[in-house]
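Beneath this line is the structure, given in structure tokens, with notes to follow.
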Amino acid sequence: GARPMVKATAIKFVQTFRNQFSKDNLTALMPLLVHCLSSPSVVVHTYAAAAVEKILTAKDGGRPKFAGADVQPFLEPLFSGLFGIVDRADLNENEYVMKCVMRTLNVAKDDVVQVTHIVLEKLTAALGRVAKNPRNPQYNHYLFESIAVLVKAVCSKDAAQTSNFEGMLFPPFQTVLQMDVAEFTPYVFQVLAQLLEYRPTGAGLGAAYTALFPPMLTPTLWERRGNVPALTRLMQAYLGKGAGEIVAQGRLMAILGIFQKLISTRATEQSAFDLLGSIVKTVPAEALAPCLKDLFQILLMKLQQGKTPRYVRLVTDFFALYIGKFGSQAYLDQMDTMQNGLGFMILSQVW
């Protein structure tokens, strides 16, 4: 811990001139920087984390200087050093350290598998701590980014791993949702959607996701604009993996109610159409049939009230999707039930 300011200045020098150093130079410097993560001086370990993060993004002729295999030799000491800081209660949440965790996971890719369990344990523990009192938005952002990167790296290779992630992430996520930590809910919904998308095909929704579904339909959740994109993606993931189960539970009308809520304001109409597209793609035709007239009426009424260029694009995209799924005759017949010749009128005047 001697002469922290001199050390910090030296580290800053390395970071500033990272693009001028050769890969061999940086490879030799890396263990020294990793060692500095254990410094009791906040300035030294923060500068060290920031420098490692920047070195991992350094490029040489457009290609990263460090790829997965290059990081592998110091992966374990690097994570030990970083989580040594994250775990300490007497230190503030350090966004540079968490950003370095995220970057390391991103660069290490396949090699992450060997440390998945311990890294996930550390990240969920950190999440449990900050959920009680979120103070540093940047730190929280990189914390969730790290979780998302880890999920992608591991589950994209082996879908069976999703159950391990669910086991570890559901408890802290449920805490966040029960405590209604507004800053965190959009992140939680995004990671839940990501996990559900990676879930093995044919595995259905499983007990945990099934239990989580009714709360997802709570109108107040959808009233917070920040939640809407992530919640929509989560709802799409639910439909993708278990539309049959959802229909069997009699939940289709509730989802259509959400669509109606989203389409009523311009800020959320894009999400409304994302959701509607998934409904048409995944819900069995016979379950959808009784709702179609109301759906089309909502769409046409909004078209009548105000033809903004974006709405016209969204609604015609949807009609195209509908025709792709059920054929042009089904579309024309559906339109004709509302008004004779309406299908062709829309085709010539709107499309």
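We label chains A, B, ... in the order they appear in the structure tokens, count residues from 1 in each chain, and number ligands from 1 in the order shown.
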For this session: For Arg233 in chain A, please output as JSON, numbers by chain all residues within 10 Å (counting only C-alpha atoms; exclusion window: fewer than 6 positions along the same chain).
Result: {"A": [189, 190, 192, 193, 194, 197, 239, 271, 274, 275, 278]}
If you take only C-alpha atoms and a cut-off of 8 Å, which residues of range 224-313 of chain A touch range 323-344 of chain A, and what are their nearest atom pairs and distances in Å to one decimal, in chain and number order, as a Markdown table?
| residue | atom | partner | partner_atom | distance |
| --- | --- | --- | --- | --- |
| A:Val280 | CA | A:Lys325 | CA | 8.0 |
| A:Lys281 | CA | A:Lys325 | CA | 7.4 |
| A:Leu292 | CA | A:Gln334 | CA | 7.9 |
| A:Lys293 | CA | A:Gln334 | CA | 7.2 |
| A:Phe296 | CA | A:Met335 | CA | 7.9 |
| A:Gln297 | CA | A:Met338 | CA | 8.0 |
Export of prior selection with N, CA and C atoms as a PDB file, in the first residue's frame:
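That gives us selection_3.pdb:
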ATOM      1  N   VAL A 280     -50.289 -13.330 -32.484  1.00  0.00           N
ATOM      2  CA  VAL A 280     -50.740 -13.932 -33.744  1.00  0.00           C
ATOM      3  C   VAL A 280     -49.859 -15.114 -34.143  1.00  0.00           C
ATOM      4  N   LYS A 281     -48.548 -15.010 -33.851  1.00  0.00           N
ATOM      5  CA  LYS A 281     -47.646 -16.099 -34.247  1.00  0.00           C
ATOM      6  C   LYS A 281     -47.800 -17.339 -33.374  1.00  0.00           C
ATOM      7  N   LEU A 292     -60.734 -11.844 -32.790  1.00  0.00           N
ATOM      8  CA  LEU A 292     -60.198 -11.103 -33.935  1.00  0.00           C
ATOM      9  C   LEU A 292     -61.002  -9.866 -34.290  1.00  0.00           C
ATOM     10  N   LYS A 293     -62.324  -9.992 -34.217  1.00  0.00           N
ATOM     11  CA  LYS A 293     -63.144  -8.851 -34.628  1.00  0.00           C
ATOM     12  C   LYS A 293     -62.841  -7.630 -33.751  1.00  0.00           C
ATOM     13  N   PHE A 296     -59.316  -6.179 -34.590  1.00  0.00           N
ATOM     14  CA  PHE A 296     -59.299  -5.390 -35.832  1.00  0.00           C
ATOM     15  C   PHE A 296     -60.032  -4.065 -35.641  1.00  0.00           C
ATOM     16  N   GLN A 297     -61.094  -4.097 -34.850  1.00  0.00           N
ATOM     17  CA  GLN A 297     -61.841  -2.856 -34.612  1.00  0.00           C
ATOM     18  C   GLN A 297     -60.974  -1.809 -33.891  1.00  0.00           C
TER      19      GLN A 297
END
For this session: Report as a ChimeraX atom specification: the residues of range 155-320 of chain A with a DSSP assignment of helix (DSSP H, G or I), based on the backbone of this structure.
Result: /A:155,159-179,185-198,206-216,219-223,225-248,252-263,266-282,285-305,309-320
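Taking CA of Leu196 in chain A and CA of Asn227 in chain A as the two end points, the separation is 17.4 Å.
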For this session: Find the residues near Ser264 in chain A: any atom within 12 Å, counting only C-alpha atoms, skip ones fewer than 5 places away on the same chain, and give them as a ChimeraX atom specification.
Result: /A:223,257-259,269-273,298-299,301-303,305-306,311
Can those selected residues be exported to a file as a short mmCIF file (atom, residue, chain, number, x, y, z; two decimals), in the first residue's frame so that it contains C-alpha atoms?
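Written output follows (result_30.cif):
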data_model
loop_
_atom_site.label_atom_id
_atom_site.label_comp_id
_atom_site.auth_asym_id
_atom_site.auth_seq_id
_atom_site.Cartn_x
_atom_site.Cartn_y
_atom_site.Cartn_z
CA GLU A 223 -48.18 2.03 -16.12
CA GLY A 257 -56.20 -6.16 -22.37
CA ILE A 258 -52.53 -5.21 -22.02
CA PHE A 259 -52.27 -4.82 -25.80
CA GLU A 269 -47.70 1.73 -29.51
CA GLN A 270 -44.51 0.07 -30.81
CA SER A 271 -44.61 -2.33 -27.83
CA ALA A 272 -48.31 -2.95 -28.49
CA PHE A 273 -47.54 -4.21 -31.99
CA ILE A 298 -59.33 -1.37 -32.15
CA LEU A 299 -56.71 -1.13 -34.90
CA MET A 301 -60.54 2.91 -34.95
CA LYS A 302 -57.07 4.23 -34.13
CA LEU A 303 -56.30 4.45 -37.84
CA GLN A 305 -58.61 8.86 -35.42
CA GLY A 306 -55.11 9.81 -36.56
CA TYR A 311 -48.92 4.07 -36.98
#
Exercise. What gap, in Å, lies between CA of Ala148 in chain A and CA of Ile85 in chain A?
Worked result: 20.8 Å
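Comparing A:Glu183, A:Lys241, A:Arg251, A:Gly202 by their smallest distance to Arg224 in chain A, the closest is A:Glu183 (using only C-alpha atoms).
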For this session: Find the spatial neighbours of Asn19 in chain A, counting only C-alpha atoms, within a cut-off of 12 Å - ignore same-chain residues fewer than 5 positions away - and output them as a list of chain:residue names.
Result: A:Phe13, A:Val14, A:Asn25, A:Leu26, A:Ala51, A:Lys54, A:Ile55, A:Leu56, A:Thr57, A:Ala58, A:Lys59, A:Asp60, A:Gly61, A:Gly62, A:Arg63, A:Pro64, A:Lys65, A:Phe66
Exercise. Which of these, A:Thr104, A:Ser22, A:Asn94, A:Ser39, has the shortest distance to Phe74 in chain A once you count only C-alpha atoms?
Worked result: A:Thr104
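CA of Val228 in chain A sits 22.3 Å away from CA of Arg199 in chain A.
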For this session: Extract, using only C-alpha atoms, all DNA, RNA and protein residues at most 12 Å from Pro214 in chain A, discarding same-chain residues fewer than 4 positions from it, and format them as an MDAnalysis selection string.
Result: chainID A and resid 208:210 218:219 221 235 238 246 249:252 254:255
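Within range 54-250 of chain A, residues classed as strand (DSSP E or B) by DSSP on backbone coordinates are Lys59, Asp60, Arg63 and Pro64 of chain A.
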Take the residues from that selection and put them in a file with N, CA and C atoms, as a short mmCIF file (atom, residue, chain, number, x, y, z; two decimals), in the first residue's frame.
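Heads up, here's the output in again06.cif:
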data_model
loop_
_atom_site.label_atom_id
_atom_site.label_comp_id
_atom_site.auth_asym_id
_atom_site.auth_seq_id
_atom_site.Cartn_x
_atom_site.Cartn_y
_atom_site.Cartn_z
N LYS A 59 -7.82 -1.97 -29.26
CA LYS A 59 -7.83 -2.63 -30.56
C LYS A 59 -6.49 -2.46 -31.27
N ASP A 60 -6.21 -3.41 -32.14
CA ASP A 60 -4.99 -3.36 -32.94
C ASP A 60 -5.41 -3.64 -34.37
N ARG A 63 -8.97 -4.98 -34.61
CA ARG A 63 -9.29 -6.22 -33.87
C ARG A 63 -8.88 -6.05 -32.41
N PRO A 64 -9.64 -6.64 -31.47
CA PRO A 64 -9.28 -6.52 -30.05
C PRO A 64 -7.90 -7.13 -29.80
#
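Comparing A:Asn140, A:Thr268, A:Thr201, A:Thr124 by their smallest distance to Leu169 in chain A, the closest is A:Thr124 (using only C-alpha atoms).
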Seminar exercise, completed: Among A:Gly277, A:Pro73, A:Pro171, A:Pro284, Ala320 in chain A is approached most closely, using only C-alpha atoms, by A:Gly277
